[in-house]
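One file, query10.cif, carrying mmCIF, C-alpha atoms and all ligand atoms:
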data_run
#
loop_
_atom_site.group_PDB
_atom_site.id
_atom_site.type_symbol
_atom_site.label_atom_id
_atom_site.label_comp_id
_atom_site.auth_asym_id
_atom_site.auth_seq_id
_atom_site.Cartn_x
_atom_site.Cartn_y
_atom_site.Cartn_z
ATOM 1 C CA MET A 1 2.894 3.840 -21.362
ATOM 2 C CA ILE A 2 4.529 1.588 -18.814
ATOM 3 C CA GLU A 3 2.629 -1.567 -17.956
ATOM 4 C CA LEU A 4 2.745 -2.290 -14.216
ATOM 5 C CA GLU A 5 2.293 -5.984 -13.569
ATOM 6 C CA ASP A 6 1.634 -5.722 -9.858
ATOM 7 C CA ILE A 7 2.477 -3.976 -6.628
ATOM 8 C CA GLY A 8 5.631 -5.423 -5.165
ATOM 9 C CA TYR A 9 6.846 -4.071 -1.878
ATOM 10 C CA VAL A 10 7.108 -1.193 0.510
ATOM 11 C CA ARG A 11 10.527 -0.333 1.912
ATOM 12 C CA SER A 12 10.435 1.749 5.034
ATOM 13 C CA GLY A 13 13.083 3.218 7.320
ATOM 14 C CA VAL A 14 12.681 2.748 11.054
ATOM 15 C CA ALA A 15 14.648 4.430 13.836
ATOM 16 C CA ASP A 16 13.648 1.797 16.419
ATOM 17 C CA PHE A 17 14.241 -1.389 14.448
ATOM 18 C CA ALA A 18 13.423 -3.907 17.191
ATOM 19 C CA THR A 19 10.081 -2.282 18.032
ATOM 20 C CA ALA A 20 9.028 -2.032 14.387
ATOM 21 C CA VAL A 21 9.958 -5.659 13.655
ATOM 22 C CA HIS A 22 8.171 -6.874 16.779
ATOM 23 C CA PHE A 23 5.035 -5.009 15.705
ATOM 24 C CA ALA A 24 5.140 -6.250 12.093
ATOM 25 C CA THR A 25 5.455 -9.856 13.252
ATOM 26 C CA ASP A 26 3.788 -10.354 16.638
ATOM 27 C CA ILE A 27 1.052 -7.760 16.117
ATOM 28 C CA VAL A 28 0.411 -7.515 12.359
ATOM 29 C CA GLY A 29 1.250 -11.194 11.910
ATOM 30 C CA LEU A 30 3.680 -11.050 8.977
ATOM 31 C CA GLU A 31 6.366 -13.709 8.631
ATOM 32 C CA LEU A 32 9.930 -12.607 9.332
ATOM 33 C CA MET A 33 12.289 -13.924 6.659
ATOM 34 C CA ASP A 34 15.966 -14.497 7.177
ATOM 35 C CA SER A 35 17.362 -11.487 5.338
ATOM 36 C CA GLY A 36 21.028 -12.207 5.874
ATOM 37 C CA GLU A 37 21.507 -8.450 6.181
ATOM 38 C CA PRO A 38 21.886 -6.828 9.575
ATOM 39 C CA GLY A 39 19.432 -3.959 10.027
ATOM 40 C CA VAL A 40 17.048 -5.174 7.329
ATOM 41 C CA ALA A 41 13.892 -7.154 8.104
ATOM 42 C CA HIS A 42 11.895 -8.717 5.284
ATOM 43 C CA LEU A 43 8.254 -9.407 6.100
ATOM 44 C CA ARG A 44 6.347 -11.941 4.038
ATOM 45 C CA SER A 45 2.573 -11.972 3.448
ATOM 46 C CA ASP A 46 2.066 -14.158 0.362
ATOM 47 C CA SER A 47 3.841 -16.221 -2.274
ATOM 48 C CA HIS A 48 6.504 -13.573 -2.751
ATOM 49 C CA HIS A 49 9.626 -13.313 -0.649
ATOM 50 C CA HIS A 50 8.396 -10.179 1.117
ATOM 51 C CA SER A 51 5.974 -7.282 0.820
ATOM 52 C CA LEU A 52 7.479 -5.043 3.447
ATOM 53 C CA SER A 53 11.099 -4.313 4.289
ATOM 54 C CA LEU A 54 11.999 -2.459 7.439
ATOM 55 C CA VAL A 55 15.401 -0.844 7.260
ATOM 56 C CA GLU A 56 17.135 0.445 10.356
ATOM 57 C CA GLY A 57 17.899 4.142 9.957
ATOM 58 C CA VAL A 58 15.998 7.337 9.311
ATOM 59 C CA SER A 59 12.283 6.911 9.960
ATOM 60 C CA GLY A 60 9.961 7.085 6.941
ATOM 61 C CA VAL A 61 9.125 5.406 3.691
ATOM 62 C CA ILE A 62 12.085 4.759 1.391
ATOM 63 C CA ALA A 63 10.317 3.450 -1.709
ATOM 64 C CA SER A 64 7.213 1.815 -3.131
ATOM 65 C CA GLY A 65 8.054 -1.074 -5.440
ATOM 66 C CA PHE A 66 6.098 -2.290 -8.470
ATOM 67 C CA THR A 67 6.838 -5.165 -10.789
ATOM 68 C CA LEU A 68 7.091 -5.226 -14.556
ATOM 69 C CA ALA A 69 6.652 -8.465 -16.491
ATOM 70 C CA THR A 70 9.960 -8.655 -18.342
ATOM 71 C CA GLU A 71 13.484 -7.341 -18.450
ATOM 72 C CA ASP A 72 12.701 -5.701 -21.805
ATOM 73 C CA ALA A 73 9.832 -3.844 -20.171
ATOM 74 C CA LEU A 74 12.201 -2.542 -17.521
ATOM 75 C CA VAL A 75 14.678 -1.302 -20.133
ATOM 76 C CA ALA A 76 11.838 0.351 -22.065
ATOM 77 C CA ALA A 77 10.480 1.934 -18.856
ATOM 78 C CA GLU A 78 13.891 3.395 -18.108
ATOM 79 C CA SER A 79 14.060 5.246 -21.437
ATOM 80 C CA GLU A 80 10.381 6.179 -21.325
ATOM 81 C CA LEU A 81 10.805 7.827 -17.912
ATOM 82 C CA GLU A 82 13.967 9.604 -19.002
ATOM 83 C CA ARG A 83 12.168 10.846 -22.109
ATOM 84 C CA ARG A 84 9.515 12.285 -19.799
ATOM 85 C CA GLY A 85 12.184 14.117 -17.849
ATOM 86 C CA PHE A 86 12.545 11.901 -14.775
ATOM 87 C CA ARG A 87 15.967 11.221 -13.363
ATOM 88 C CA VAL A 88 16.151 7.437 -13.279
ATOM 89 C CA THR A 89 18.709 5.434 -11.350
ATOM 90 C CA ARG A 90 19.452 1.740 -11.670
ATOM 91 C CA GLY A 91 19.780 -0.339 -8.521
ATOM 92 C CA ASP A 92 23.090 -2.121 -8.081
ATOM 93 C CA GLU A 93 23.469 -5.828 -7.408
ATOM 94 C CA LYS A 94 23.441 -5.492 -3.644
ATOM 95 C CA GLU A 95 20.338 -3.295 -3.663
ATOM 96 C CA ALA A 96 18.556 -5.673 -6.037
ATOM 97 C CA ARG A 97 19.474 -8.621 -3.825
ATOM 98 C CA SER A 98 18.082 -6.837 -0.789
ATOM 99 C CA ARG A 99 14.766 -6.365 -2.634
ATOM 100 C CA ARG A 100 14.839 -9.965 -3.886
ATOM 101 C CA VAL A 101 14.449 -8.821 -7.481
ATOM 102 C CA ALA A 102 16.665 -9.413 -10.519
ATOM 103 C CA GLU A 103 16.868 -5.763 -11.607
ATOM 104 C CA PHE A 104 15.227 -2.507 -10.645
ATOM 105 C CA ILE A 105 15.172 1.193 -11.405
ATOM 106 C CA GLY A 106 14.097 4.071 -9.167
ATOM 107 C CA PHE A 107 12.814 7.607 -9.647
ATOM 108 C CA ASP A 108 10.894 10.281 -7.738
ATOM 109 C CA ASP A 109 7.297 10.864 -8.817
ATOM 110 C CA PRO A 110 6.273 14.528 -9.350
ATOM 111 C CA PHE A 111 5.329 14.812 -5.663
ATOM 112 C CA GLY A 112 8.514 13.392 -4.196
ATOM 113 C CA ASN A 113 7.421 9.808 -3.585
ATOM 114 C CA ARG A 114 10.209 7.381 -4.435
ATOM 115 C CA ILE A 115 8.979 4.742 -6.886
ATOM 116 C CA GLU A 116 10.879 1.594 -7.863
ATOM 117 C CA LEU A 117 10.119 -0.627 -10.839
ATOM 118 C CA ALA A 118 11.485 -4.148 -10.756
ATOM 119 C CA PHE A 119 11.467 -7.350 -12.660
ATOM 120 C CA GLY A 120 12.336 -10.866 -11.501
ATOM 121 C CA ARG A 121 10.753 -10.711 -8.068
ATOM 122 C CA GLN A 122 11.426 -13.781 -5.986
ATOM 123 C CA THR A 123 8.653 -16.292 -5.343
ATOM 124 C CA ILE A 124 8.797 -18.675 -2.388
ATOM 125 C CA SER A 125 7.062 -22.008 -2.795
ATOM 126 C CA ARG A 126 6.528 -23.048 0.790
ATOM 127 C CA PRO A 127 3.398 -21.746 2.508
ATOM 128 C CA VAL A 128 3.613 -18.525 4.507
ATOM 129 C CA ARG A 129 4.173 -19.027 8.224
ATOM 130 C CA LEU A 130 2.347 -16.069 9.693
ATOM 131 C CA SER A 131 3.759 -15.033 13.059
ATOM 132 C CA ARG A 132 0.238 -15.110 14.485
ATOM 133 C CA GLY A 133 -3.155 -16.115 13.119
ATOM 134 C CA SER A 134 -4.027 -12.784 11.530
ATOM 135 C CA GLY A 135 -5.375 -14.476 8.398
ATOM 136 C CA ILE A 136 -3.287 -12.331 6.034
ATOM 137 C CA THR A 137 -3.412 -13.720 2.502
ATOM 138 C CA GLU A 138 -1.714 -11.015 0.485
ATOM 139 C CA PHE A 139 -0.430 -7.489 0.079
ATOM 140 C CA GLY A 140 -3.607 -5.697 -1.028
ATOM 141 C CA HIS A 141 -2.703 -2.118 -1.906
ATOM 142 C CA LEU A 142 -0.510 0.790 -1.055
ATOM 143 C CA CYS A 143 -1.601 4.348 -0.552
ATOM 144 C CA LEU A 144 0.645 7.330 -1.273
ATOM 145 C CA ASP A 145 0.255 10.913 -0.157
ATOM 146 C CA ALA A 146 0.329 13.786 -2.617
ATOM 147 C CA PRO A 147 -0.732 17.430 -2.323
ATOM 148 C CA ASP A 148 -2.864 17.326 -5.483
ATOM 149 C CA VAL A 149 -4.757 14.080 -5.980
ATOM 150 C CA ARG A 150 -6.068 14.900 -9.435
ATOM 151 C CA GLU A 151 -2.574 15.761 -10.580
ATOM 152 C CA ALA A 152 -1.391 12.463 -9.093
ATOM 153 C CA TYR A 153 -4.082 10.647 -11.066
ATOM 154 C CA ARG A 154 -2.890 12.348 -14.259
ATOM 155 C CA PHE A 155 0.634 11.177 -13.497
ATOM 156 C CA TRP A 156 -0.317 7.567 -12.708
ATOM 157 C CA SER A 157 -2.778 7.159 -15.559
ATOM 158 C CA SER A 158 -0.611 8.761 -18.234
ATOM 159 C CA THR A 159 2.681 7.153 -17.234
ATOM 160 C CA PHE A 160 1.317 3.752 -16.271
ATOM 161 C CA ASN A 161 -1.633 1.467 -16.963
ATOM 162 C CA ALA A 162 -3.435 2.751 -13.865
ATOM 163 C CA ARG A 163 -7.194 3.330 -14.245
ATOM 164 C CA VAL A 164 -9.328 5.180 -11.732
ATOM 165 C CA SER A 165 -11.920 2.982 -10.037
ATOM 166 C CA ASP A 166 -13.426 5.601 -7.716
ATOM 167 C CA TRP A 167 -12.847 9.107 -6.410
ATOM 168 C CA VAL A 168 -13.522 10.485 -2.972
ATOM 169 C CA GLY A 169 -13.794 14.126 -3.971
ATOM 170 C CA ASP A 170 -10.384 15.709 -4.357
ATOM 171 C CA GLY A 171 -9.276 13.800 -1.294
ATOM 172 C CA ALA A 172 -8.623 10.329 -2.632
ATOM 173 C CA CYS A 173 -8.203 8.475 -5.909
ATOM 174 C CA LEU A 174 -8.382 4.677 -6.002
ATOM 175 C CA MET A 175 -6.703 3.086 -9.001
ATOM 176 C CA ARG A 176 -6.491 -0.428 -10.409
ATOM 177 C CA ILE A 177 -3.796 -2.062 -12.477
ATOM 178 C CA ASP A 178 -5.602 -5.398 -12.736
ATOM 179 C CA GLU A 179 -9.036 -6.701 -11.711
ATOM 180 C CA VAL A 180 -8.658 -5.734 -8.076
ATOM 181 C CA HIS A 181 -10.662 -2.541 -7.404
ATOM 182 C CA HIS A 182 -7.500 -0.713 -6.385
ATOM 183 C CA LYS A 183 -3.887 -1.555 -5.764
ATOM 184 C CA ILE A 184 -2.702 2.055 -5.792
ATOM 185 C CA ALA A 185 -4.410 4.837 -3.897
ATOM 186 C CA VAL A 186 -3.433 8.470 -3.494
ATOM 187 C CA PHE A 187 -4.682 10.537 -0.573
ATOM 188 C CA GLN A 188 -4.414 14.273 -0.283
ATOM 189 C CA ALA A 189 -1.699 15.437 2.107
ATOM 190 C CA ASP A 190 0.685 18.360 2.185
ATOM 191 C CA GLU A 191 3.781 16.192 2.062
ATOM 192 C CA PRO A 192 4.670 13.031 0.137
ATOM 193 C CA GLY A 193 4.623 9.816 2.139
ATOM 194 C CA MET A 194 2.988 6.460 2.699
ATOM 195 C CA CYS A 195 -0.581 6.949 3.846
ATOM 196 C CA HIS A 196 -1.123 3.255 4.561
ATOM 197 C CA MET A 197 -0.250 -0.276 3.509
ATOM 198 C CA ASN A 198 -3.108 -2.762 3.111
ATOM 199 C CA PHE A 199 -3.130 -6.507 3.695
ATOM 200 C CA GLN A 200 -6.036 -8.686 2.677
ATOM 201 C CA VAL A 201 -7.281 -11.266 5.157
ATOM 202 C CA ALA A 202 -8.926 -14.597 4.391
ATOM 203 C CA GLU A 203 -12.318 -14.052 5.968
ATOM 204 C CA LEU A 204 -14.582 -11.506 7.522
ATOM 205 C CA ASP A 205 -13.989 -13.097 10.904
ATOM 206 C CA ASP A 206 -10.285 -12.272 10.648
ATOM 207 C CA VAL A 207 -11.052 -8.548 10.560
ATOM 208 C CA PHE A 208 -13.003 -8.813 13.816
ATOM 209 C CA ARG A 209 -10.593 -11.225 15.496
ATOM 210 C CA ASN A 210 -7.768 -8.896 14.606
ATOM 211 C CA TRP A 211 -9.717 -5.947 15.941
ATOM 212 C CA HIS A 212 -10.138 -7.627 19.338
ATOM 213 C CA PHE A 213 -6.504 -8.705 19.317
ATOM 214 C CA LEU A 214 -5.259 -5.190 18.548
ATOM 215 C CA VAL A 215 -7.455 -3.575 21.179
ATOM 216 C CA GLU A 216 -6.298 -6.121 23.776
ATOM 217 C CA HIS A 217 -2.704 -5.292 22.891
ATOM 218 C CA GLY A 218 -3.216 -1.562 23.243
ATOM 219 C CA VAL A 219 -2.816 -0.774 19.542
ATOM 220 C CA GLU A 220 -4.368 2.468 18.366
ATOM 221 C CA ILE A 221 -7.290 1.789 16.026
ATOM 222 C CA GLU A 222 -7.447 4.643 13.555
ATOM 223 C CA MET A 223 -10.727 3.702 11.918
ATOM 224 C CA GLY A 224 -13.036 0.708 11.716
ATOM 225 C CA PRO A 225 -14.135 -1.945 11.648
ATOM 226 C CA GLY A 226 -16.109 -0.406 8.832
ATOM 227 C CA ARG A 227 -16.991 -0.962 5.221
ATOM 228 C CA HIS A 228 -15.691 1.050 2.297
ATOM 229 C CA PRO A 229 -18.454 1.840 -0.210
ATOM 230 C CA GLN A 230 -15.825 1.997 -2.963
ATOM 231 C CA SER A 231 -14.216 -1.445 -2.925
ATOM 232 C CA GLY A 232 -16.931 -2.914 -0.707
ATOM 233 C CA ALA A 233 -14.217 -4.220 1.616
ATOM 234 C CA ILE A 234 -14.629 -4.528 5.384
ATOM 235 C CA PHE A 235 -11.663 -2.654 6.811
ATOM 236 C CA LEU A 236 -9.680 -1.870 9.916
ATOM 237 C CA TYR A 237 -6.911 0.751 10.064
ATOM 238 C CA PHE A 238 -4.429 0.741 12.902
ATOM 239 C CA LEU A 239 -1.283 2.595 13.778
ATOM 240 C CA GLY A 240 2.103 0.909 13.946
ATOM 241 C CA PRO A 241 5.348 2.356 15.297
ATOM 242 C CA GLU A 242 6.819 5.459 13.701
ATOM 243 C CA ASN A 243 3.469 6.550 12.317
ATOM 244 C CA PHE A 244 3.109 3.656 9.887
ATOM 245 C CA THR A 245 -0.558 2.911 9.239
ATOM 246 C CA TYR A 246 -1.586 -0.626 8.413
ATOM 247 C CA GLU A 247 -4.973 -1.647 7.022
ATOM 248 C CA TYR A 248 -6.516 -5.106 7.069
ATOM 249 C CA SER A 249 -9.388 -5.656 4.719
ATOM 250 C CA PHE A 250 -11.610 -8.398 3.456
ATOM 251 C CA GLY A 251 -13.804 -8.681 0.373
ATOM 252 C CA VAL A 252 -12.358 -6.178 -2.076
ATOM 253 C CA ARG A 253 -14.377 -5.850 -5.274
ATOM 254 C CA ARG A 254 -12.975 -7.195 -8.538
ATOM 255 C CA ILE A 255 -13.727 -5.289 -11.709
ATOM 256 C CA THR A 256 -14.091 -8.055 -14.235
ATOM 257 C CA ASP A 257 -15.914 -6.103 -16.922
ATOM 258 C CA GLU A 258 -13.370 -3.411 -17.633
ATOM 259 C CA ALA A 259 -15.472 -1.719 -20.328
ATOM 260 C CA ALA A 260 -18.580 -1.492 -18.175
ATOM 261 C CA TRP A 261 -17.029 0.078 -15.074
ATOM 262 C CA ARG A 262 -17.628 3.787 -14.473
ATOM 263 C CA PRO A 263 -15.688 5.501 -11.709
ATOM 264 C CA ARG A 264 -17.885 7.005 -9.064
ATOM 265 C CA PHE A 265 -17.463 10.272 -7.186
ATOM 266 C CA PHE A 266 -18.084 10.176 -3.460
ATOM 267 C CA ASP A 267 -18.307 13.405 -1.533
ATOM 268 C CA PRO A 268 -15.891 13.342 1.420
ATOM 269 C CA ASP A 269 -18.131 15.792 3.280
ATOM 270 C CA GLU A 270 -21.054 13.416 3.019
ATOM 271 C CA ILE A 271 -21.624 11.083 5.934
ATOM 272 C CA GLY A 272 -20.357 7.564 5.270
ATOM 273 C CA ALA A 273 -18.147 8.634 2.367
ATOM 274 C CA ILE A 274 -15.558 6.003 3.180
ATOM 275 C CA ASP A 275 -17.389 4.032 5.870
ATOM 276 C CA MET A 276 -20.873 2.736 5.075
ATOM 277 C CA TRP A 277 -21.230 1.662 8.691
ATOM 278 C CA LEU A 278 -20.920 5.263 9.886
ATOM 279 C CA GLY A 279 -18.234 4.550 12.447
ATOM 280 C CA PRO A 280 -16.912 7.383 14.638
ATOM 281 C CA LYS A 281 -14.735 9.076 12.006
ATOM 282 C CA ALA A 282 -17.482 8.774 9.422
ATOM 283 C CA ARG A 283 -19.597 10.948 11.675
ATOM 284 C CA THR A 284 -17.008 13.682 12.015
ATOM 285 C CA VAL A 285 -18.331 16.760 10.341
ATOM 286 C CA SER A 286 -16.207 18.359 7.675
ATOM 287 C CA GLN A 287 -14.128 16.010 7.177
ATOM 288 C CA PRO A 288 -10.973 14.719 8.656
ATOM 289 C CA GLN A 289 -12.149 11.216 7.840
ATOM 290 C CA LEU A 290 -9.650 10.999 5.029
ATOM 291 C CA ARG A 291 -6.923 11.871 7.454
ATOM 292 C CA LEU A 292 -6.509 8.682 9.402
ATOM 293 C CA SER A 293 -4.203 9.983 12.081
ATOM 294 C CA ASP A 294 -5.381 13.019 13.941
ATOM 295 C CA PRO A 295 -2.916 15.842 13.560
ATOM 296 C CA ALA A 296 -0.601 15.998 16.564
HETATM 297 O O1 LIG B 1 -11.067 -0.145 -0.061
HETATM 298 C C1 LIG B 1 -11.542 0.969 -0.337
HETATM 299 O O2 LIG B 1 -12.505 1.134 -1.071
HETATM 300 C C2 LIG B 1 -10.943 2.182 0.283
HETATM 301 C C3 LIG B 1 -11.656 3.385 0.274
HETATM 302 C C4 LIG B 1 -11.128 4.520 0.887
HETATM 303 C C5 LIG B 1 -9.900 4.452 1.516
HETATM 304 C C6 LIG B 1 -9.161 3.243 1.519
HETATM 305 O O3 LIG B 1 -7.977 3.140 2.144
HETATM 306 C C7 LIG B 1 -9.683 2.111 0.905
HETATM 307 O O4 LIG B 1 -8.955 0.983 0.939
HETATM 308 FE FE FE B 2 -6.955 1.354 1.832
#
As structure tokens, how would this structure be written, given the file I've shared?
Amino acid sequence: MIELEDIGYVRSGVADFATAVHFATDIVGLELMDSGEPGVAHLRSDSHHHSLSLVEGVSGVIASGFTLATEDALVAAESELERRGFRVTRGDEKEARSRRVAEFIGFDDPFGNRIELAFGRQTISRPVRLSRGSGITEFGHLCLDAPDVREAYRFWSSTFNARVSDWVGDGACLMRIDEVHHKIAVFQADEPGMCHMNFQVAELDDVFRNWHFLVEHGVEIEMGPGRHPQSGAIFLYFLGPENFTYEYSFGVRRITDEAAWRPRFFDPDEIGAIDMWLGPKARTVSQPQLRLSDPA
């Protein structure tokens, strides 16, 4: 069992670098760090150096990064994964530097999502300078796609310390690795990929201010503002360049009594399954509400 300390970063390839960086900063509000690497943009949301890296090149997610507490844990994880039959690679010095971690390993999960495990992630002491007043306080969770969500749960819960907090039928599994209701989610989709990346905002008002801001700037709102019955968070999903979905949310539940929590099963075909406020997608019958982007 590999103990994940936290979520770390998302690394994503973008074909139109300038447009993606402009969106991540001037629209989403993340801080652009000086990466020192041409074609790599590091976006900061909290006390860590970055949560999102945009890398000029082929469009699409490159890796999802998680942190482990110690170097020993990383070494142990490497052999544990190899014992379980995964092909594990170790990042070289340049790759580790680009991720602002001391060491990392990478492997493909059973569905083809690239996962990286790192230790020694860089903390920055000075306050975040958000590019606009979006109220972002931290990287909240990441959501991966997999064809079989229950199988994905078996993988995450048997390989790592991930516990299910709630299910939305066979369509979504929300998992915690600490007190936060979920930091890892898996949504059903035919192909692997990054379903969305969530940032927490400081107050309820930020969700609504951001909503108005996004609408004014012609950004496609995928769903919300609404409220998830699972985490209890007020959410807003919106579409960035190259099909990258961002989510802002406020008020995520913390599960402080680990022993008392029982995962719940929500029926995705039931109205309000992921939006208690019954917004437009929540009213769609049978049930593309778990698919945030309408199929092209
Ligand atoms: O926050 C949640 O509970 C939640 C539920 C369904 C889907 C999501 O993306 C979520 O973040
Ligand atoms: Fe989410």
Please find the residues contacting ligand LIG 1 (chain B) at a distance of at most 7 Å between atoms, with only C-alpha atoms and all ligand atoms counted, and report them as a ChimeraX atom specification.
/A:228-233,252,274
Restrict the selected residues to C-alpha atoms and save them as a compact mmCIF listing (two decimals), in the frame of the given file.
# COMPACT_ATOMS: atom_id res chain seq x y z
CA HIS A 228 -15.69 1.05 2.30
CA PRO A 229 -18.45 1.84 -0.21
CA GLN A 230 -15.82 2.00 -2.96
CA SER A 231 -14.22 -1.44 -2.92
CA GLY A 232 -16.93 -2.91 -0.71
CA ALA A 233 -14.22 -4.22 1.62
CA VAL A 252 -12.36 -6.18 -2.08
CA ILE A 274 -15.56 6.00 3.18
So which residues get picked by the PyMOL selection byres (((chain A and resi 182) around 10) and not hetatm) here, written as a ChimeraX atom specification?
/A:140-143,162-166,173-181,183-185,230-231,252-255
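Taking all atoms listed in the file into account, Ile105 in chain A lies nearest to A:Ser79 out of the set A:Ser157, A:Ser79, A:Ser59, A:Ser47.
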Applied to this file, what does the PyMOL selection byres (((chain A and resi 119) around 7) and not hetatm) return in terms of residues, put as a ChimeraX atom specification?
/A:67-71,74,101-104,118,120-121
Using C-alpha atoms, can you write the selected residues to a file as a PDB file, in the frame of the given file?
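In the end it all went to again.pdb:
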ATOM      1  CA  THR A  67       6.838  -5.165 -10.789  1.00  0.00           C
ATOM      2  CA  LEU A  68       7.091  -5.226 -14.556  1.00  0.00           C
ATOM      3  CA  ALA A  69       6.652  -8.465 -16.491  1.00  0.00           C
ATOM      4  CA  THR A  70       9.960  -8.655 -18.342  1.00  0.00           C
ATOM      5  CA  GLU A  71      13.484  -7.341 -18.450  1.00  0.00           C
ATOM      6  CA  LEU A  74      12.201  -2.542 -17.521  1.00  0.00           C
ATOM      7  CA  VAL A 101      14.449  -8.821  -7.481  1.00  0.00           C
ATOM      8  CA  ALA A 102      16.665  -9.413 -10.519  1.00  0.00           C
ATOM      9  CA  GLU A 103      16.868  -5.763 -11.607  1.00  0.00           C
ATOM     10  CA  PHE A 104      15.227  -2.507 -10.645  1.00  0.00           C
ATOM     11  CA  ALA A 118      11.485  -4.148 -10.756  1.00  0.00           C
ATOM     12  CA  GLY A 120      12.336 -10.866 -11.501  1.00  0.00           C
ATOM     13  CA  ARG A 121      10.753 -10.711  -8.068  1.00  0.00           C
TER      14      ARG A 121
END
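Excluding Pro241 in chain A itself and same-chain residues fewer than 6 positions from it, the residues having an atom within 10 Å of it are Val14, Ala15, Asp16, Phe17, Thr19, Ala20, Val21, His22, Phe23, Ala24, Ser59 and Val219 of chain A, counting only C-alpha atoms.
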Considering all atoms listed in the file, return as a ChimeraX atom specification whatever protein or nucleic-acid residues lie within 10 Å of Ala152 in chain A, sequence-local ones (same chain, fewer than 4 positions apart) excluded.
/A:109-111,144-148,156-158,172-173,185-188
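Distance-wise, CA of Phe265 in chain A and CA of Tyr248 in chain A end up 23.7 Å apart.
With distances restricted to all atoms listed in the file, A:Arg114 is the closest residue to Met194 in chain A from A:Arg126, A:His217, A:His49, A:Arg114.
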Translate the PyMOL selection byres (((chain A and resi 234) around 10) and not hetatm), as applied to the file shown, into an explicit residue set as a PDB file with C-alpha atoms, in the coordinates of the input.
ATOM      1  CA  GLN A 200      -6.036  -8.686   2.677  1.00  0.00           C
ATOM      2  CA  VAL A 201      -7.281 -11.266   5.157  1.00  0.00           C
ATOM      3  CA  GLU A 203     -12.318 -14.052   5.968  1.00  0.00           C
ATOM      4  CA  LEU A 204     -14.582 -11.506   7.522  1.00  0.00           C
ATOM      5  CA  VAL A 207     -11.052  -8.548  10.560  1.00  0.00           C
ATOM      6  CA  PHE A 208     -13.003  -8.813  13.816  1.00  0.00           C
ATOM      7  CA  GLY A 224     -13.036   0.708  11.716  1.00  0.00           C
ATOM      8  CA  PRO A 225     -14.135  -1.945  11.648  1.00  0.00           C
ATOM      9  CA  GLY A 226     -16.109  -0.406   8.832  1.00  0.00           C
ATOM     10  CA  ARG A 227     -16.991  -0.962   5.221  1.00  0.00           C
ATOM     11  CA  HIS A 228     -15.691   1.050   2.297  1.00  0.00           C
ATOM     12  CA  PRO A 229     -18.454   1.840  -0.210  1.00  0.00           C
ATOM     13  CA  SER A 231     -14.216  -1.445  -2.925  1.00  0.00           C
ATOM     14  CA  GLY A 232     -16.931  -2.914  -0.707  1.00  0.00           C
ATOM     15  CA  ALA A 233     -14.217  -4.220   1.616  1.00  0.00           C
ATOM     16  CA  PHE A 235     -11.663  -2.654   6.811  1.00  0.00           C
ATOM     17  CA  LEU A 236      -9.680  -1.870   9.916  1.00  0.00           C
ATOM     18  CA  TYR A 248      -6.516  -5.106   7.069  1.00  0.00           C
ATOM     19  CA  SER A 249      -9.388  -5.656   4.719  1.00  0.00           C
ATOM     20  CA  PHE A 250     -11.610  -8.398   3.456  1.00  0.00           C
ATOM     21  CA  GLY A 251     -13.804  -8.681   0.373  1.00  0.00           C
ATOM     22  CA  VAL A 252     -12.358  -6.178  -2.076  1.00  0.00           C
ATOM     23  CA  ASP A 275     -17.389   4.032   5.870  1.00  0.00           C
ATOM     24  CA  MET A 276     -20.873   2.736   5.075  1.00  0.00           C
ATOM     25  CA  TRP A 277     -21.230   1.662   8.691  1.00  0.00           C
TER      26      TRP A 277
END
Restricting the calculation to all atoms listed in the file: of A:Ala273, A:Leu43, A:Met197, A:Val215, which residue gets closest to ligand FE 2 (chain B)?
A:Met197
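Using all atoms listed in the file, the shortest contact distance between Trp211 in chain A and any of A:Thr159, A:Asn198, A:Ser134, A:Asn243 is found at A:Ser134.
Checking A:Arg154, A:Cys195, A:Thr256, A:Phe244 one by one against ligand FE 2 (chain B), counting only C-alpha atoms and all ligand atoms, you find the shortest gap at A:Cys195.
Near Val28 in chain A, within a cut-off of 9 Å and counting all atoms listed in the file, sit the residues His22, Phe23, Ser131, Arg132, Ser134, Ile136, Asn210, Leu214, Gly240 and Tyr246 of chain A, with same-chain residues fewer than 5 positions away left out.
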